[in-house]
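Working notes, beginning with the structure itself.
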Amino acid sequence: RDVKPIVLSTFGDVALAIGGQFEVYLAVVMGMLYQASMTQVDENDYDLVDYLNKLREGILDSFTGIIQGLKGDNKADLLMQFVDMIVNFLYKVQQDSHRYDPVTRAACGVVGDLVHALGPSVAGHINQHFVTLLLKDGSKSVNHATKEVSKWAREVISGRIR
């Protein structure tokens, strides 16, 4: 169980390293991330809740690396076909009452990265109440880094969409 979250976040590291060349792997990796994002656990089992949080953080870290890697080589538009999937996952994360702070921080980062990479083309996806709630959760965090990422994401949204 501990290996899967680490492996998932590694896809993002690879995407960052090879940039636009990641296009060849994009569909397969996004398919794997989608499958992993569908994981559900018994909320009464602390070990499984912990696993789910680590898994989700790995997925979000992978999204971040993929978004930034493709954007760096001006291939961010390749992500448009996956925006619904990413945003649906963000919704699922926001709705989770057992969400850990690192997951909130990573989710806020993905919101900012999506908007930074794709701009107004994702406005309809980002201008939703749950995104506002997610960013608000981040701004209320006791963790300074989470507050900063949430603030950055709100600033990116303000500058690129609103």
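We name chains A, B, ... following the order of the structure tokens; residues begin at 1 in each chain, and ligands are numbered from 1 as shown.
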- Message: Just want the 7 Å neighbourhood of A:Arg56, counted on only C-alpha atoms, with same-chain residues fewer than 3 positions away dropped. Output as a list of chain:residue names.
- Response: A:Ser37, A:Leu52, A:Asn53, A:Ile59, A:Leu60, A:Val103
Keeping only N, CA, C and O atoms, take the residues you just selected and write them out as a compact mmCIF listing (two decimals), in the first residue's frame.
# COMPACT_ATOMS: atom_id res chain seq x y z
N SER A 37 -7.75 7.55 -8.57
CA SER A 37 -8.62 8.57 -7.97
C SER A 37 -9.98 8.02 -7.57
O SER A 37 -10.69 8.62 -6.77
N LEU A 52 -5.60 6.57 1.98
CA LEU A 52 -6.32 7.35 0.97
C LEU A 52 -5.76 8.76 0.86
O LEU A 52 -5.61 9.29 -0.24
N ASN A 53 -5.44 9.38 1.99
CA ASN A 53 -4.86 10.72 1.96
C ASN A 53 -3.50 10.71 1.26
O ASN A 53 -3.21 11.59 0.44
N ILE A 59 -1.49 11.56 -6.21
CA ILE A 59 -2.21 11.89 -7.45
C ILE A 59 -2.09 13.38 -7.74
O ILE A 59 -1.78 13.80 -8.86
N LEU A 60 -2.34 14.19 -6.73
CA LEU A 60 -2.27 15.65 -6.91
C LEU A 60 -0.86 16.10 -7.25
O LEU A 60 -0.67 16.98 -8.11
N VAL A 103 -2.95 17.31 1.62
CA VAL A 103 -3.85 17.08 0.48
C VAL A 103 -4.53 18.39 0.10
O VAL A 103 -4.65 18.72 -1.09
- Message: Give me, as a PyMOL selection string, all polymer residues having an atom no more than 10 Å from A:Lys136, counting only C-alpha atoms and skipping those fewer than 6 positions away in the same chain.
- Response: chain A and resi 108+130+147+150-151+154
Residue neighbourhood A:Pro102, 9 Å, only C-alpha atoms, exclusion window fewer than 4 positions, as a JSON list (two decimals) with N, CA, C and O atoms, in the first residue's frame:
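Result file follows (around.json):
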[["chain", "number", "residue", "atom", "x", "y", "z"],
["A", 53, "ASN", "N", -5.44, 9.38, 1.99],
["A", 53, "ASN", "CA", -4.86, 10.72, 1.96],
["A", 53, "ASN", "C", -3.50, 10.71, 1.26],
["A", 53, "ASN", "O", -3.21, 11.59, 0.44],
["A", 54, "LYS", "N", -2.67, 9.73, 1.55],
["A", 54, "LYS", "CA", -1.37, 9.62, 0.88],
["A", 54, "LYS", "C", -1.55, 9.38, -0.61],
["A", 54, "LYS", "O", -0.82, 9.95, -1.44],
["A", 57, "GLU", "N", -2.69, 12.62, -2.22],
["A", 57, "GLU", "CA", -1.58, 13.57, -2.31],
["A", 57, "GLU", "C", -0.65, 13.18, -3.46],
["A", 57, "GLU", "O", -0.18, 14.04, -4.21],
["A", 106, "ALA", "N", -1.90, 20.48, -1.70],
["A", 106, "ALA", "CA", -1.67, 19.98, -3.06],
["A", 106, "ALA", "C", -2.85, 20.28, -3.98],
["A", 106, "ALA", "O", -2.66, 20.64, -5.14],
["A", 107, "ALA", "N", -4.08, 20.16, -3.45],
["A", 107, "ALA", "CA", -5.27, 20.44, -4.26],
["A", 107, "ALA", "C", -5.33, 21.92, -4.63],
["A", 107, "ALA", "O", -5.64, 22.27, -5.78],
["A", 146, "THR", "N", 0.43, 25.91, 3.45],
["A", 146, "THR", "CA", -0.90, 25.69, 2.86],
["A", 146, "THR", "C", -1.60, 27.02, 2.64],
["A", 146, "THR", "O", -2.21, 27.24, 1.60]]
- Item | Contacts of A:Pro5 within 12 Å, only C-alpha atoms, excl. fewer than 2 positions in-chain, as a PyMOL selection string | chain A and resi 1-3+7-12+32-33+36-37+39+50-62
Please, could you write that set of residues out with N, CA, C and O atoms as a tab-separated table (two decimals), in the first residue's frame?
chain	number	residue	atom	x	y	z
A	1	ARG	N	0.80	-1.21	0.00
A	1	ARG	CA	0.00	0.00	0.00
A	1	ARG	C	0.84	1.27	0.00
A	1	ARG	O	0.42	2.28	-0.56
A	2	ASP	N	1.98	1.27	0.66
A	2	ASP	CA	2.78	2.49	0.74
A	2	ASP	C	3.49	2.83	-0.56
A	2	ASP	O	3.84	3.98	-0.77
A	3	VAL	N	3.68	1.87	-1.43
A	3	VAL	CA	4.41	2.11	-2.66
A	3	VAL	C	3.56	2.89	-3.67
A	3	VAL	O	4.06	3.80	-4.33
A	7	VAL	N	4.75	5.96	-6.23
A	7	VAL	CA	4.86	5.70	-7.67
A	7	VAL	C	4.02	6.71	-8.45
A	7	VAL	O	4.47	7.25	-9.46
A	8	LEU	N	2.82	7.00	-7.96
A	8	LEU	CA	1.96	7.95	-8.67
A	8	LEU	C	2.59	9.33	-8.74
A	8	LEU	O	2.57	9.98	-9.78
A	9	SER	N	3.17	9.80	-7.63
A	9	SER	CA	3.78	11.13	-7.66
A	9	SER	C	5.02	11.15	-8.55
A	9	SER	O	5.39	12.20	-9.09
A	10	THR	N	5.65	10.00	-8.75
A	10	THR	CA	6.82	9.92	-9.62
A	10	THR	C	6.48	10.26	-11.07
A	10	THR	O	7.31	10.83	-11.79
A	11	PHE	N	5.26	9.96	-11.50
A	11	PHE	CA	4.85	10.34	-12.86
A	11	PHE	C	4.98	11.85	-13.05
A	11	PHE	O	5.39	12.32	-14.11
A	12	GLY	N	4.62	12.60	-12.04
A	12	GLY	CA	4.76	14.06	-12.11
A	12	GLY	C	6.21	14.49	-12.19
A	12	GLY	O	6.56	15.42	-12.92
A	32	MET	N	-4.24	5.90	-15.49
A	32	MET	CA	-3.86	5.30	-14.21
A	32	MET	C	-4.23	6.21	-13.05
A	32	MET	O	-4.70	5.74	-12.00
A	33	LEU	N	-4.01	7.50	-13.22
A	33	LEU	CA	-4.36	8.45	-12.16
A	33	LEU	C	-5.87	8.48	-11.93
A	33	LEU	O	-6.34	8.56	-10.79
A	36	ALA	N	-6.76	5.38	-9.95
A	36	ALA	CA	-6.36	5.56	-8.55
A	36	ALA	C	-7.29	6.55	-7.84
A	36	ALA	O	-7.60	6.39	-6.65
A	37	SER	N	-7.75	7.55	-8.57
A	37	SER	CA	-8.62	8.57	-7.97
A	37	SER	C	-9.98	8.02	-7.57
A	37	SER	O	-10.69	8.62	-6.77
A	39	THR	N	-10.44	5.30	-5.95
A	39	THR	CA	-10.29	4.48	-4.75
A	39	THR	C	-11.16	5.02	-3.62
A	39	THR	O	-11.19	6.22	-3.36
A	50	ASP	N	-5.73	7.06	6.23
A	50	ASP	CA	-4.36	7.55	6.07
A	50	ASP	C	-3.83	7.19	4.68
A	50	ASP	O	-3.25	8.03	3.99
A	51	TYR	N	-4.04	5.95	4.26
A	51	TYR	CA	-3.63	5.50	2.93
A	51	TYR	C	-4.30	6.34	1.84
A	51	TYR	O	-3.64	6.79	0.89
A	52	LEU	N	-5.60	6.57	1.98
A	52	LEU	CA	-6.32	7.35	0.97
A	52	LEU	C	-5.76	8.76	0.86
A	52	LEU	O	-5.61	9.29	-0.24
A	53	ASN	N	-5.44	9.38	1.99
A	53	ASN	CA	-4.86	10.72	1.96
A	53	ASN	C	-3.50	10.71	1.26
A	53	ASN	O	-3.21	11.59	0.44
A	54	LYS	N	-2.67	9.73	1.55
A	54	LYS	CA	-1.37	9.62	0.88
A	54	LYS	C	-1.55	9.38	-0.61
A	54	LYS	O	-0.82	9.95	-1.44
A	55	LEU	N	-2.50	8.54	-0.97
A	55	LEU	CA	-2.78	8.25	-2.37
A	55	LEU	C	-3.22	9.52	-3.09
A	55	LEU	O	-2.72	9.85	-4.17
A	56	ARG	N	-4.14	10.25	-2.49
A	56	ARG	CA	-4.63	11.48	-3.11
A	56	ARG	C	-3.54	12.54	-3.22
A	56	ARG	O	-3.46	13.25	-4.23
A	57	GLU	N	-2.69	12.62	-2.22
A	57	GLU	CA	-1.58	13.57	-2.31
A	57	GLU	C	-0.65	13.18	-3.46
A	57	GLU	O	-0.18	14.04	-4.21
A	58	GLY	N	-0.40	11.88	-3.64
A	58	GLY	CA	0.43	11.42	-4.76
A	58	GLY	C	-0.19	11.74	-6.10
A	58	GLY	O	0.50	12.15	-7.04
A	59	ILE	N	-1.49	11.56	-6.21
A	59	ILE	CA	-2.21	11.89	-7.45
A	59	ILE	C	-2.09	13.38	-7.74
A	59	ILE	O	-1.78	13.80	-8.86
A	60	LEU	N	-2.34	14.19	-6.73
A	60	LEU	CA	-2.27	15.65	-6.91
A	60	LEU	C	-0.86	16.10	-7.25
A	60	LEU	O	-0.67	16.98	-8.11
A	61	ASP	N	0.14	15.51	-6.61
A	61	ASP	CA	1.53	15.85	-6.94
A	61	ASP	C	1.85	15.49	-8.39
A	61	ASP	O	2.56	16.21	-9.09
A	62	SER	N	1.30	14.37	-8.83
A	62	SER	CA	1.50	13.97	-10.22
A	62	SER	C	0.83	14.96	-11.17
A	62	SER	O	1.44	15.37	-12.17
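Between A:Leu70 and the residues A:Ala17, A:Asn127, A:Trp152, A:Val111, the shortest atom-to-atom distance, using only C-alpha atoms, involves A:Ala17.
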- Point-to-point distance in Å for atom CA of A:Gly19 and atom CA of A:Gly69: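 We find that atom CA of A:Gly69 and atom CA of A:Gly19 lie 4.2 Å from each other.
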